[in-house]
There are 2 protein chains.
Amino acid sequence: MPVLGRTKKDVLKEFRTAELLEAARTVFAKKGFYAATVDEIAAAAGVAKGTVYLYYRSKQEVYWAALEHGITELHDEIQTRLAEERLPEDKVRAFIAIKIRYFEKNRDFFRIYFSELGSGFTHPAQMPRRFEGMYRQQARILEAALQAGIKDRAIRNIRTDTAAVAISDLIRGIIVQRLLGWSKKDVESDINFVFDLVWRGIAA
Amino acid sequence: MPVLGRTKKDVLKEFRTAELLEAARTVFAKKGFYAATVDEIAAAAGVAKGTVYLYYRSKQEVYWAALEHGITELHDEIQTRLAEERLPEDKVRAFIAIKIRYFEKNRDFFRIYFSELGSGFTHPAQMPRRFEGMYRQQARILEAALQAGIKDRAIRNIRTDTAAVAISDLIRGIIVQRLLGWSKKDVESDINFVFDLVWRGIAA
DNA sequence: TAGTAGACTGACTGGTTAGTCATTCCATCG
DNA sequence: CGATGGAATGACTAACCAGTCAGTCTACTA
């Protein structure tokens, strides 16, 4: 009998989905989309291959689900935190800090995210439109902050769309350096470095 | 009989290699490493599949050869041009301009380069060490210019290694935007934008 | 306890493709 | 012209893997 609208079936489904997403994230991060096999993902989740297909229609769908989960989580965090800040300067700093910290904590997800925005963007036909949208939405939250900053003269008059993407690129570059072990600095120091560079670049 | 050290065999080998690299670049750019087939590359080069294996030992090797060819060309161009400039400011500008223009002219190559630095860097075991080296070498040329700038006080005292990579990231981001059709500006305008942002960020 | 729904399994199939190699082709030369 | 050897060919093989489905297991119910 359903209690609070959640049947046993729902609970199970949620559990399996979470297990599978976690497994998918790990395996796809280690091997990339093509080299990862559905058998490996199933094994990592502790189920047989057939079970994966009870929850997802294809390997591709598992991949997108893993990607979407992370993007959504990150997006929500950015939106929430930036709404709490008043000054454009603080918003920009928060944006940088959240993304670096999020990827630092979710390195596996970053590998997928980054690969996808590599191969997905360079071979656009293979990626559903909605991911392109989700990616740009992040930049747009930042862009709004930049525009507000220009309005009250904290930021000089620049192309906000390009600047927003540029800031995201700087962040992504720093994460890559950290992942490769090129950056020996602690997270806060890297956050400060990016913010410092950015703020001097755009401040009025 | 060999004339000037180049036998007929050498000429043929050079011709086939060039044909194959050009074909590989096109096909890999369109499909990515995994989705591209050796048959397609052979067809694009106007030869049969077996012929590919007379010149390269594996699909992977063809891919690396295509990647290496472009990186080397770009690297040489950067090195030559930067040596011609005296002022750090001009060197930085030249670095930005060369890379953006090179990728603008070689969009196919950029797709490979970018994908590889995506999947290759995030799955490092699959990429030979020398590519990591080649990539960092580029940044080091720029880094030397930054250090010179700090020495004669044109540039403030920053972490030059991180800054060099950050500048490369900004450039890469701009190219992606251009490839996706997000940037409607002409090349020169984008070059100026990046330089402007960078220079304000790092100038003393 | 016997019956049942439906979650789970994993051996199997069909399609794909990297890499091979026996054969053909052809430019050169005596 | 006929012989020779290296380049080129493309049919073939062996391996791989996404996706399927007939059968098994299990937790609940009557």
# chains A, B, ... in the order shown; residues from 1 in each chain; ligands from 1
>>> calpha_fit_and_write(fixed="chain A", moving="chain B", output="short mmCIF file (atom, residue, chain, number, x, y, z; two decimals) with C-alpha atoms, in the first residue's frame")
data_model
loop_
_atom_site.label_atom_id
_atom_site.label_comp_id
_atom_site.auth_asym_id
_atom_site.auth_seq_id
_atom_site.Cartn_x
_atom_site.Cartn_y
_atom_site.Cartn_z
CA MET B 1 -0.19 0.14 -0.24
CA PRO B 2 1.15 3.59 -1.12
CA VAL B 3 2.08 5.74 1.85
CA LEU B 4 2.65 9.44 1.30
CA GLY B 5 2.55 8.78 -2.41
CA ARG B 6 5.71 6.67 -2.35
CA THR B 7 5.18 3.01 -3.01
CA LYS B 8 7.76 0.38 -2.32
CA LYS B 9 8.37 0.34 -6.04
CA ASP B 10 9.25 4.01 -6.00
CA VAL B 11 11.74 3.55 -3.21
CA LEU B 12 13.43 0.70 -4.99
CA LYS B 13 13.58 2.60 -8.23
CA GLU B 14 15.14 5.57 -6.50
CA PHE B 15 17.70 3.39 -4.78
CA ARG B 16 18.72 1.57 -7.98
CA THR B 17 18.87 4.78 -9.93
CA ALA B 18 21.18 6.35 -7.38
CA GLU B 19 23.39 3.26 -7.29
CA LEU B 20 23.59 3.13 -11.07
CA LEU B 21 24.33 6.83 -11.43
CA GLU B 22 27.11 6.62 -8.90
CA ALA B 23 28.58 3.58 -10.66
CA ALA B 24 28.21 5.20 -14.06
CA ARG B 25 29.96 8.32 -12.89
CA THR B 26 32.92 6.34 -11.62
CA VAL B 27 33.28 4.11 -14.65
CA PHE B 28 32.70 6.78 -17.29
CA ALA B 29 35.14 9.06 -15.54
CA LYS B 30 37.84 6.43 -15.54
CA LYS B 31 37.37 5.14 -19.09
CA GLY B 32 35.41 7.67 -21.07
CA PHE B 33 32.15 6.97 -22.85
CA TYR B 34 33.33 4.53 -25.49
CA ALA B 35 35.81 2.47 -23.51
CA ALA B 36 33.42 1.99 -20.62
CA THR B 37 31.22 -1.08 -20.98
CA VAL B 38 27.73 -1.58 -19.65
CA ASP B 39 28.94 -4.73 -17.91
CA GLU B 40 31.46 -2.72 -15.94
CA ILE B 41 28.87 -0.21 -14.86
CA ALA B 42 26.51 -2.99 -13.84
CA ALA B 43 29.28 -4.72 -11.88
CA ALA B 44 30.22 -1.46 -10.16
CA ALA B 45 26.59 -1.03 -9.14
CA GLY B 46 26.41 -4.64 -7.97
CA VAL B 47 23.78 -5.78 -10.47
CA ALA B 48 23.69 -7.76 -13.72
CA LYS B 49 23.76 -6.07 -17.08
CA GLY B 50 20.11 -6.73 -17.80
CA THR B 51 19.16 -4.71 -14.76
CA VAL B 52 20.71 -1.60 -16.19
CA TYR B 53 18.26 -1.86 -19.08
CA LEU B 54 15.33 -1.98 -16.69
CA TYR B 55 16.16 1.56 -15.64
CA TYR B 56 17.68 3.07 -18.77
CA ARG B 57 16.98 2.42 -22.41
CA SER B 58 20.59 2.55 -23.60
CA LYS B 59 24.18 3.16 -22.59
CA GLN B 60 23.91 6.65 -23.99
CA GLU B 61 20.96 7.33 -21.73
CA VAL B 62 22.87 6.24 -18.64
CA TYR B 63 25.62 8.61 -19.61
CA TRP B 64 23.33 11.54 -20.09
CA ALA B 65 21.59 10.84 -16.82
CA ALA B 66 24.91 10.92 -14.98
CA LEU B 67 25.85 14.15 -16.72
CA GLU B 68 22.51 15.77 -16.11
CA HIS B 69 22.53 14.87 -12.44
CA GLY B 70 25.79 16.68 -11.82
CA ILE B 71 24.98 19.70 -13.93
CA THR B 72 21.68 20.18 -12.17
CA GLU B 73 23.23 19.90 -8.74
CA LEU B 74 25.92 22.41 -9.61
CA HIS B 75 23.47 24.74 -11.25
CA ASP B 76 21.17 24.77 -8.22
CA GLU B 77 24.06 25.48 -5.92
CA ILE B 78 25.20 28.41 -8.02
CA GLN B 79 21.74 29.85 -8.23
CA THR B 80 21.13 29.60 -4.50
CA ARG B 81 24.45 31.01 -3.40
CA LEU B 82 24.54 33.90 -5.86
CA ALA B 83 21.08 34.98 -4.79
CA GLU B 84 22.47 35.40 -1.26
CA GLU B 85 25.11 37.91 -2.29
CA ARG B 86 24.40 41.58 -2.92
CA LEU B 87 27.54 43.02 -4.48
CA PRO B 88 28.49 42.02 -8.01
CA GLU B 89 32.03 41.55 -6.76
CA ASP B 90 30.88 39.03 -4.20
CA LYS B 91 28.70 37.27 -6.73
CA VAL B 92 31.59 36.86 -9.09
CA ARG B 93 33.77 35.55 -6.32
CA ALA B 94 31.07 33.15 -5.17
CA PHE B 95 30.62 31.84 -8.70
CA ILE B 96 34.31 31.08 -9.01
CA ALA B 97 34.54 29.54 -5.56
CA ILE B 98 31.49 27.31 -5.94
CA LYS B 99 32.56 25.85 -9.25
CA ILE B 100 36.13 25.18 -8.21
CA ARG B 101 35.04 23.63 -4.92
CA TYR B 102 32.32 21.56 -6.54
CA PHE B 103 34.63 20.04 -9.10
CA GLU B 104 37.33 19.56 -6.51
CA LYS B 105 34.86 17.47 -4.51
CA ASN B 106 33.48 15.69 -7.58
CA ARG B 107 36.49 14.98 -9.71
CA ASP B 108 34.83 12.03 -11.42
CA PHE B 109 31.97 14.19 -12.48
CA PHE B 110 34.31 16.83 -13.79
CA ARG B 111 35.99 14.35 -16.09
CA ILE B 112 32.65 13.49 -17.66
CA TYR B 113 31.51 17.08 -17.79
CA PHE B 114 34.73 18.24 -19.36
CA SER B 115 34.95 15.39 -21.88
CA GLU B 116 31.38 15.90 -22.91
CA LEU B 117 31.78 19.62 -23.37
CA GLY B 118 34.78 18.66 -25.42
CA SER B 119 33.41 15.97 -27.65
CA GLY B 120 29.79 17.01 -27.32
CA PHE B 121 30.40 20.58 -28.31
CA THR B 122 32.78 19.74 -31.06
CA HIS B 123 30.45 17.03 -32.40
CA PRO B 124 27.16 18.72 -31.57
CA ALA B 125 24.84 16.31 -33.39
CA GLN B 126 25.53 13.70 -30.72
CA MET B 127 24.44 15.82 -27.78
CA PRO B 128 20.87 16.65 -26.96
CA ARG B 129 20.07 20.33 -27.17
CA ARG B 130 19.19 20.55 -23.52
CA PHE B 131 22.80 20.14 -22.40
CA GLU B 132 23.91 23.05 -24.47
CA GLY B 133 21.14 25.01 -22.83
CA MET B 134 22.10 23.93 -19.33
CA TYR B 135 25.67 24.91 -19.91
CA ARG B 136 24.77 28.35 -21.16
CA GLN B 137 22.31 28.86 -18.35
CA GLN B 138 25.13 28.72 -15.84
CA ALA B 139 26.96 31.40 -17.73
CA ARG B 140 23.80 33.47 -17.82
CA ILE B 141 23.50 33.58 -14.06
CA LEU B 142 26.98 35.01 -13.95
CA GLU B 143 26.18 37.34 -16.82
CA ALA B 144 23.29 38.83 -14.90
CA ALA B 145 25.68 39.63 -12.06
CA LEU B 146 28.08 41.28 -14.49
CA GLN B 147 25.30 43.39 -15.97
CA ALA B 148 24.25 44.55 -12.53
CA GLY B 149 27.87 45.44 -11.86
CA ILE B 150 28.06 47.52 -15.01
CA LYS B 151 24.86 49.29 -14.10
CA ASP B 152 26.19 50.48 -10.75
CA ARG B 153 29.61 51.15 -12.20
CA ALA B 154 31.59 48.55 -10.30
CA ILE B 155 32.42 46.86 -13.60
CA ARG B 156 33.48 48.59 -16.78
CA ASN B 157 31.41 48.34 -19.91
CA ILE B 158 32.34 45.03 -21.55
CA ARG B 159 30.62 42.29 -23.57
CA THR B 160 29.03 40.48 -20.67
CA ASP B 161 28.13 37.32 -22.60
CA THR B 162 31.67 36.75 -23.75
CA ALA B 163 33.11 37.73 -20.38
CA ALA B 164 30.86 35.29 -18.57
CA VAL B 165 31.97 32.40 -20.72
CA ALA B 166 35.58 33.53 -20.44
CA ILE B 167 35.38 33.38 -16.66
CA SER B 168 33.96 29.87 -16.87
CA ASP B 169 36.87 28.93 -19.10
CA LEU B 170 39.39 30.23 -16.62
CA ILE B 171 37.78 28.16 -13.93
CA ARG B 172 37.77 25.07 -16.07
CA GLY B 173 41.43 25.56 -16.86
CA ILE B 174 42.34 25.78 -13.21
CA ILE B 175 40.50 22.56 -12.44
CA VAL B 176 42.32 20.76 -15.22
CA GLN B 177 45.61 21.93 -13.80
CA ARG B 178 44.65 20.69 -10.39
CA LEU B 179 43.55 17.31 -11.76
CA LEU B 180 46.81 16.88 -13.59
CA GLY B 181 48.73 17.79 -10.49
CA TRP B 182 50.24 20.86 -12.15
CA SER B 183 48.89 23.16 -9.51
CA LYS B 184 50.42 22.62 -6.11
CA LYS B 185 48.48 25.41 -4.44
CA ASP B 186 45.54 24.83 -2.16
CA VAL B 187 42.03 25.41 -3.41
CA GLU B 188 41.58 28.79 -1.75
CA SER B 189 44.75 30.09 -3.28
CA ASP B 190 43.59 29.09 -6.75
CA ILE B 191 40.23 30.68 -6.16
CA ASN B 192 41.92 33.90 -5.19
CA PHE B 193 44.16 33.78 -8.20
CA VAL B 194 41.27 33.45 -10.61
CA PHE B 195 39.19 36.07 -8.89
CA ASP B 196 42.09 38.49 -8.77
CA LEU B 197 42.84 38.06 -12.46
CA VAL B 198 39.20 38.35 -13.41
CA TRP B 199 38.39 41.31 -11.23
CA ARG B 200 41.31 43.38 -12.42
CA GLY B 201 40.30 42.48 -15.95
CA ILE B 202 36.72 43.65 -15.61
CA ALA B 203 36.60 46.21 -12.79
CA ALA B 204 35.82 49.78 -13.72
#
>>> atom_distance(atom1="C1' of DA2 in chain C", atom2="C1' of DT24 in chain D")
17.6 Å
>>> atom_distance(atom1="C1' of DT1 in chain C", atom2="C1' of DA22 in chain D")
27.2 Å
>>> select_by_dssp(residues="chain B", states="helix (DSSP H, G or I)", output="PyMOL selection string")
chain B and resi 8-35+38-45+49-55+59-84+88-105+107-122+124-126+129-151+160-179+187-202
>>> residues_around(residues="DA22 in chain C", least_positions_apart="3", cutoff="12 Å", atoms="only C-alpha atoms (C1' of nucleotides)", output="JSON, numbers by chain")
{"D": [9, 10, 11, 12]}
>>> interface_residues(of="chain C", to="chain A", cutoff="12 Å", atoms="only C-alpha atoms (C1' of nucleotides)", output="PyMOL selection string")
chain C and resi 6-11
>>> atom_distance(atom1="C1' of DT20 in chain C", atom2="C1' of DA3 in chain D")
28.2 Å
>>> closest_atom_pairs(of="chain D", to="chain A", cutoff="12 Å", atoms="only C-alpha atoms (C1' of nucleotides)", output="Markdown table")
| residue | atom | partner | partner_atom | distance |
| --- | --- | --- | --- | --- |
| D:DC16 | C1' | A:Thr37 | CA | 10.3 |
| D:DC17 | C1' | A:Thr37 | CA | 7.4 |
| D:DA18 | C1' | A:Val38 | CA | 7.7 |
| D:DG19 | C1' | A:Ser58 | CA | 7.9 |
| D:DT20 | C1' | A:Gly50 | CA | 8.5 |
| D:DC21 | C1' | A:Gly50 | CA | 9.5 |
| D:DA27 | C1' | A:Lys8 | CA | 11.4 |
| D:DC28 | C1' | A:Met1 | CA | 11.5 |
